[in-house]
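K.L.:
Right, I'll just put the structure down here and ask away after.
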Amino acid sequence: MTSTAAHSRPLRSRPGLAALALAAATALLAGCSSSDDTSDPLAEKADGDTVVVGSNNFAESILIADIYGEALKAKGIKVSYKPNIGSRETTYGLLKNGSVTVLPEYNGSLLAYLDPKAEQKTAEAVNATTKTKLDSKLTLLNSAPAEDKDSVSINAATAKKYSLTSQSTLADLKDVAPELAIGGSPEFQTRQQGLLGLQSVYGLKFKSFKALDAGGPLTQAALTKNTVQAADIFTTDPTIIKEKFVVLQDPKNLFGFANVTPLVYKSGLSQEGVAALNEVSAKLDTKSLLDMDSQVQLESKDPLDVAKAWLKSVGLN
């Protein structure tokens, strides 16, 4: 199947995340970064011994960048941060010229950016294809199990009514979908990674569709208030924990792949650094990432503190 990436969509401009990202970036610049970090992200490269860890302009990217940076520091590698740089269009260019050494990426979303028509059948195949599309100075390291992508999630009342759990799959909705309203962005109604695919891949025919936003506050509120019983919610959205939404499993990978993956400027990272980031990927799953996102976005914890605590908990500090 050809996949359109979740992360080419408006997820990255959800109301409130830009402000959170800016606040987090300010904290990082003020309290934990080298003097280089106060410069413009487009400034010249750091010295050759420093690994520059960048992030895009949303809260989760800043958090993962902190995890990467602190894991590298634990190996004695000198690190500076360039947080909250901007969108993929900007950060990809900075990686190509070596201004940034490491950036958290999402494998399927990156592939869709590099080649919108590329097929996405398995995570391994996505990574292999992406590597062939990257600039020759760049590479992907190992992907984490953690994914931040579209999902069909149901509210707690619906889950209870139909005895559905986080282990239930989209196929388990087949008999009950005709009783449910589903919500999402207007595009979700006409996309293969939306109602079309839910019907063709899983045989789901919903009672009705309500046009809302792309996993943002309108969708979250409608699902919470039971205006819709199912909705397109991103898998690491802290609202899942806050409102006890149930994310249904997608075993046929209708929604493609969005595994957290380090994108690296090859000549700027030692083999020891590569090994450190691969160790992070081996430990980082969606549940852990969702929990950390919730701490940052719902509890207003410093992302750097959250990153350090998680690394300690998995023995990587």
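So you can find residues: chains in the structure tokens are A, B, ... in the order shown, residues in each start at 1, and ligands are numbered from 1 in order.
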I'd like the contact shell of Tyr265 of chain A - 10 Å cut-off, only C-alpha atoms, skipping same-chain residues fewer than 3 positions apart - returned as a VMD selection string.
P.N.:
chain A and resid 51 to 52 94 to 103 135 to 140 262 268 to 269
K.L.:
Env of segment 248-258 of chain A: 9 Å cut, atoms = only C-alpha atoms, seq-sep filter 4 positions within chain, self excluded. Answer as a ChimeraX atom specification.
P.N.:
/A:1-7,105-110,120-123,126,146-154,164-172,192-194,197-198,201-202
K.L.:
As a list in words, please: the residues near segment 160-162 of chain A (cut-off 12 Å, only C-alpha atoms, same-chain neighbours under 4 positions excluded).
P.N.:
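Near segment 160-162 of chain A, the qualifying residues are Ile154, Asn155, Ala156, Ser166, Ser168, Asp172, Leu173, Lys174, Asp175, Val176, Ala177, Glu179, Leu180, Gln229, Lys244, Phe245 and Val246 of chain A.
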K.L.:
Mind dumping the selected residues with all heavy atoms as a CSV table (one decimal), in the first residue's frame?
P.N.:
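Dumped everything to part.csv:
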```
chain,number,residue,atom,x,y,z
A,154,ILE,N,-11.4,4.9,20.8
A,154,ILE,CA,-12.7,5.0,21.3
A,154,ILE,C,-12.7,5.6,22.7
A,154,ILE,O,-11.7,5.4,23.4
A,154,ILE,CB,-13.5,3.7,21.2
A,154,ILE,CG1,-12.7,2.6,22.0
A,154,ILE,CG2,-13.7,3.2,19.7
A,154,ILE,CD1,-13.4,1.2,22.0
A,155,ASN,N,-13.8,6.2,23.1
A,155,ASN,CA,-13.9,6.7,24.4
A,155,ASN,C,-14.2,5.6,25.4
A,155,ASN,O,-14.5,4.4,25.1
A,155,ASN,CB,-14.9,7.8,24.6
A,155,ASN,CG,-16.3,7.5,24.2
A,155,ASN,OD1,-16.7,6.3,24.3
A,155,ASN,ND2,-17.0,8.4,23.6
A,156,ALA,N,-14.0,5.9,26.7
A,156,ALA,CA,-14.1,4.9,27.8
A,156,ALA,C,-15.5,4.2,27.8
A,156,ALA,O,-15.6,3.0,28.0
A,156,ALA,CB,-13.7,5.5,29.1
A,166,SER,N,-7.4,-2.2,25.1
A,166,SER,CA,-6.2,-1.8,24.3
A,166,SER,C,-5.6,-2.9,23.5
A,166,SER,O,-4.8,-2.7,22.6
A,166,SER,CB,-5.1,-1.2,25.2
A,166,SER,OG,-4.7,-2.1,26.2
A,168,SER,N,-7.7,-4.9,21.8
A,168,SER,CA,-8.6,-5.1,20.7
A,168,SER,C,-8.1,-4.5,19.4
A,168,SER,O,-7.3,-3.5,19.4
A,168,SER,CB,-10.0,-4.5,21.1
A,168,SER,OG,-10.5,-5.1,22.2
A,172,ASP,N,-12.2,-5.8,15.4
A,172,ASP,CA,-13.2,-6.1,16.5
A,172,ASP,C,-14.3,-5.1,16.4
A,172,ASP,O,-15.3,-5.2,17.1
A,172,ASP,CB,-12.5,-6.0,17.8
A,172,ASP,CG,-11.6,-7.2,18.0
A,172,ASP,OD1,-11.9,-8.3,17.6
A,172,ASP,OD2,-10.5,-7.0,18.6
A,173,LEU,N,-14.2,-4.0,15.6
A,173,LEU,CA,-15.3,-3.0,15.5
A,173,LEU,C,-16.3,-3.4,14.4
A,173,LEU,O,-17.3,-2.7,14.3
A,173,LEU,CB,-14.7,-1.6,15.2
A,173,LEU,CG,-14.1,-0.7,16.3
A,173,LEU,CD1,-13.8,0.6,15.7
A,173,LEU,CD2,-15.1,-0.6,17.4
A,174,LYS,N,-16.0,-4.4,13.6
A,174,LYS,CA,-16.8,-4.6,12.4
A,174,LYS,C,-18.3,-4.7,12.7
A,174,LYS,O,-19.1,-4.1,12.0
A,174,LYS,CB,-16.3,-5.9,11.7
A,174,LYS,CG,-17.0,-6.1,10.4
A,174,LYS,CD,-16.4,-7.3,9.6
A,174,LYS,CE,-17.0,-7.4,8.2
A,174,LYS,NZ,-16.4,-8.5,7.5
A,175,ASP,N,-18.6,-5.5,13.8
A,175,ASP,CA,-20.1,-5.6,14.1
A,175,ASP,C,-20.7,-4.4,14.7
A,175,ASP,O,-21.9,-4.2,14.6
A,175,ASP,CB,-20.2,-6.9,15.0
A,175,ASP,CG,-19.9,-8.2,14.3
A,175,ASP,OD1,-20.0,-8.2,13.0
A,175,ASP,OD2,-19.6,-9.2,15.0
A,176,VAL,N,-19.9,-3.6,15.4
A,176,VAL,CA,-20.5,-2.5,16.2
A,176,VAL,C,-20.3,-1.1,15.5
A,176,VAL,O,-21.0,-0.2,15.8
A,176,VAL,CB,-19.9,-2.4,17.6
A,176,VAL,CG1,-20.1,-3.7,18.3
A,176,VAL,CG2,-18.4,-2.0,17.5
A,177,ALA,N,-19.5,-1.1,14.4
A,177,ALA,CA,-19.3,0.2,13.7
A,177,ALA,C,-20.6,0.8,13.2
A,177,ALA,O,-20.7,2.1,13.3
A,177,ALA,CB,-18.3,0.0,12.6
A,179,GLU,N,-23.1,1.3,14.6
A,179,GLU,CA,-23.8,2.0,15.7
A,179,GLU,C,-23.0,3.2,16.2
A,179,GLU,O,-23.4,3.9,17.1
A,179,GLU,CB,-24.0,1.0,16.9
A,179,GLU,CG,-24.8,-0.2,16.6
A,179,GLU,CD,-24.8,-1.2,17.8
A,179,GLU,OE1,-24.7,-0.7,18.9
A,179,GLU,OE2,-24.9,-2.4,17.6
A,180,LEU,N,-21.8,3.4,15.6
A,180,LEU,CA,-20.9,4.4,16.1
A,180,LEU,C,-20.7,5.6,15.1
A,180,LEU,O,-20.7,5.4,13.9
A,180,LEU,CB,-19.5,3.8,16.3
A,180,LEU,CG,-19.5,2.6,17.2
A,180,LEU,CD1,-18.0,2.1,17.4
A,180,LEU,CD2,-20.1,2.9,18.6
A,229,GLN,N,-18.1,8.5,19.0
A,229,GLN,CA,-17.7,7.4,19.8
A,229,GLN,C,-16.3,6.8,19.5
A,229,GLN,O,-15.7,6.1,20.2
A,229,GLN,CB,-18.7,6.2,19.8
A,229,GLN,CG,-20.1,6.6,20.4
A,229,GLN,CD,-20.9,7.5,19.5
A,229,GLN,OE1,-21.1,7.2,18.3
A,229,GLN,NE2,-21.4,8.6,20.1
A,244,LYS,N,-8.8,8.5,29.3
A,244,LYS,CA,-9.0,7.0,29.3
A,244,LYS,C,-9.5,6.5,27.9
A,244,LYS,O,-10.3,5.6,27.9
A,244,LYS,CB,-9.8,6.5,30.4
A,244,LYS,CG,-9.2,6.8,31.8
A,244,LYS,CD,-10.1,6.3,32.9
A,244,LYS,CE,-9.4,6.4,34.3
A,244,LYS,NZ,-9.0,7.8,34.6
A,245,PHE,N,-9.1,7.1,26.8
A,245,PHE,CA,-9.4,6.6,25.5
A,245,PHE,C,-8.7,5.3,25.3
A,245,PHE,O,-7.7,5.0,25.9
A,245,PHE,CB,-8.9,7.6,24.4
A,245,PHE,CG,-9.6,8.9,24.4
A,245,PHE,CD1,-8.9,10.0,23.8
A,245,PHE,CD2,-10.8,9.1,24.9
A,245,PHE,CE1,-9.5,11.3,23.8
A,245,PHE,CE2,-11.4,10.4,24.9
A,245,PHE,CZ,-10.8,11.4,24.3
A,246,VAL,N,-9.3,4.4,24.5
A,246,VAL,CA,-8.7,3.1,24.1
A,246,VAL,C,-8.3,3.2,22.7
A,246,VAL,O,-9.1,3.4,21.8
A,246,VAL,CB,-9.7,2.0,24.4
A,246,VAL,CG1,-9.2,0.7,23.9
A,246,VAL,CG2,-10.1,1.9,25.9
```
K.L.:
Return as a ChimeraX atom specification the full set of residues in segment 70-205 of chain A whose backbone-based DSSP assignment is strand (DSSP E or B).
P.N.:
/A:78-82,102-106,119,138-140,147,152-154,169,181-184
K.L.:
Near Val228 of chain A, counting only C-alpha atoms, which residues have an atom at most 6 Å away, once you skip same-chain residues fewer than 3 positions from it, shown as a list in words?
P.N.:
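Once the nearby chain positions are removed, what remains is Ala181, Ile182, Ala222 and Leu223 of chain A.
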K.L.:
Please extract the residues of segment 70-295 of chain A with a backbone DSSP assignment of helix (DSSP H, G or I) and present them as a PyMOL selection string.
P.N.:
chain A and resi 70-73+88-96+107-114+123-133+156-161+170-173+177-179+186-189+192-202+217-224+239-243+266-268+271-283+286-295
K.L.:
With only C-alpha atoms as the counted atoms, please give the residues lying no more than 7 Å from Gly215 of chain A, apart from itself and same-chain residues fewer than 5 positions off, as a CSV table (one decimal) with C-alpha atoms, in the first residue's frame.
P.N.:
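Okay, around_18.csv is ready:
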```
chain,number,residue,atom,x,y,z
A,11,LEU,CA,-0.3,17.3,14.0
A,184,GLY,CA,-11.6,13.3,12.3
A,220,GLN,CA,-10.5,15.3,21.5
A,232,ASP,CA,-8.7,9.7,14.7
A,233,ILE,CA,-6.3,10.3,17.6
A,234,PHE,CA,-2.5,10.3,17.5
```
K.L.:
Find the residues near Ala276 of chain A: any atom within 7 Å, counting only C-alpha atoms, skip ones fewer than 4 places away on the same chain, and give them as a ChimeraX atom specification.
P.N.:
/A:71-72,272,280
K.L.:
Pull N, CA, C and O atoms from the residues just selected and write them as a JSON list (two decimals), in the first residue's frame.
P.N.:
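Contents of result_33.json, as written:
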```json
[["chain", "number", "residue", "atom", "x", "y", "z"],
["A", 71, "ALA", "N", 21.59, 10.61, 26.61],
["A", 71, "ALA", "CA", 22.16, 9.28, 26.41],
["A", 71, "ALA", "C", 23.58, 9.38, 25.85],
["A", 71, "ALA", "O", 24.47, 8.60, 26.23],
["A", 72, "LEU", "N", 23.79, 10.33, 24.96],
["A", 72, "LEU", "CA", 25.13, 10.55, 24.42],
["A", 72, "LEU", "C", 26.07, 11.09, 25.49],
["A", 72, "LEU", "O", 27.23, 10.65, 25.61],
["A", 272, "GLU", "N", 30.53, 4.92, 18.94],
["A", 272, "GLU", "CA", 30.03, 4.87, 20.32],
["A", 272, "GLU", "C", 28.71, 5.64, 20.42],
["A", 272, "GLU", "O", 27.79, 5.21, 21.11],
["A", 280, "VAL", "N", 18.95, 3.44, 23.03],
["A", 280, "VAL", "CA", 17.74, 4.19, 23.33],
["A", 280, "VAL", "C", 16.56, 3.63, 22.53],
["A", 280, "VAL", "O", 15.48, 3.36, 23.07]]
```
K.L.:
Using only C-alpha atoms, which of the listed residues (A:Val53, A:Leu196, A:Tyr113, A:Val264) sits closest to Glu70 of chain A?
P.N.:
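For Glu70 of chain A, the nearest of the given residues is A:Val53.
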K.L.:
For Asp305 of chain A, which residue among A:Glu89, A:Glu119, A:Glu124, A:Asp66 is the nearest when counting only C-alpha atoms?
P.N.:
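Of the candidates, the smallest distance to Asp305 of chain A is held by A:Asp66.
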K.L.:
Give me the residues within 8 Å of Leu63 of chain A as a PyMOL selection string, counting only C-alpha atoms and dropping any in the same chain fewer than 5 places off.
P.N.:
chain A and resi 293+303-304+306-307
K.L.:
Limited to N, CA, C and O atoms, could you put the picked residues into a file as a PDB file, in the first residue's frame?
P.N.:
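Once everything was written out, this is selection.pdb:
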```pdb
ATOM      1  N   ASP A 293       5.263  12.115  27.354  1.00  0.00           N
ATOM      2  CA  ASP A 293       4.546  13.246  26.755  1.00  0.00           C
ATOM      3  C   ASP A 293       3.519  13.805  27.735  1.00  0.00           C
ATOM      4  O   ASP A 293       3.329  15.022  27.840  1.00  0.00           O
ATOM      5  N   PRO A 303      11.044  18.896  30.144  1.00  0.00           N
ATOM      6  CA  PRO A 303      11.339  17.725  29.320  1.00  0.00           C
ATOM      7  C   PRO A 303      12.717  17.136  29.592  1.00  0.00           C
ATOM      8  O   PRO A 303      12.905  15.918  29.485  1.00  0.00           O
ATOM      9  N   LEU A 304      13.672  17.973  29.947  1.00  0.00           N
ATOM     10  CA  LEU A 304      15.004  17.461  30.248  1.00  0.00           C
ATOM     11  C   LEU A 304      14.977  16.571  31.487  1.00  0.00           C
ATOM     12  O   LEU A 304      15.592  15.500  31.525  1.00  0.00           O
ATOM     13  N   VAL A 306      12.365  14.924  32.596  1.00  0.00           N
ATOM     14  CA  VAL A 306      11.629  13.714  32.225  1.00  0.00           C
ATOM     15  C   VAL A 306      12.532  12.759  31.445  1.00  0.00           C
ATOM     16  O   VAL A 306      12.527  11.543  31.680  1.00  0.00           O
ATOM     17  N   ALA A 307      13.315  13.325  30.533  1.00  0.00           N
ATOM     18  CA  ALA A 307      14.242  12.505  29.748  1.00  0.00           C
ATOM     19  C   ALA A 307      15.262  11.815  30.644  1.00  0.00           C
ATOM     20  O   ALA A 307      15.522  10.605  30.509  1.00  0.00           O
TER      21      ALA A 307
END
```
K.L.:
Given the choices A:Ser267, A:Thr132, A:Thr219, A:Thr236, which gets closest to Lys287 of chain A if the distance is worked out from only C-alpha atoms?
P.N.:
A:Thr236
K.L.:
Here is a test: counting only C-alpha atoms, which residue of A:Lys78, A:Leu263, A:Asn226, A:Phe209 is nearest to Thr91 of chain A?
P.N.:
A:Leu263
K.L.:
Name the closest residue to Ser185 of chain A among the candidates A:Lys308, A:Pro217, A:Thr227, A:Val79; distances are taken between atoms, counting only C-alpha atoms.
P.N.:
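Closest to Ser185 of chain A, using only C-alpha atoms: A:Pro217.
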K.L.:
Counting only C-alpha atoms, which of A:Leu277, A:Pro178, A:Leu284, A:Leu134 gets nearest to Gly93 of chain A?
P.N.:
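Checking each of A:Leu277, A:Pro178, A:Leu284, A:Leu134 against Gly93 of chain A, counting only C-alpha atoms, the winner is A:Leu134.
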K.L.:
In Å, rounded to a single decimal, give me how far atom CA of Leu114 of chain A is from atom CA of Gly69 of chain A.
P.N.:
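For atom CA of Gly69 of chain A relative to atom CA of Leu114 of chain A, the distance reads 25.6 Å.
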K.L.:
Between atom CA of Gly54 of chain A and atom CA of Gln271 of chain A, what is the distance, to one decimal in Å?
P.N.:
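Taking atom CA of Gly54 of chain A as the start and atom CA of Gln271 of chain A as the end point, the length is 19.1 Å.
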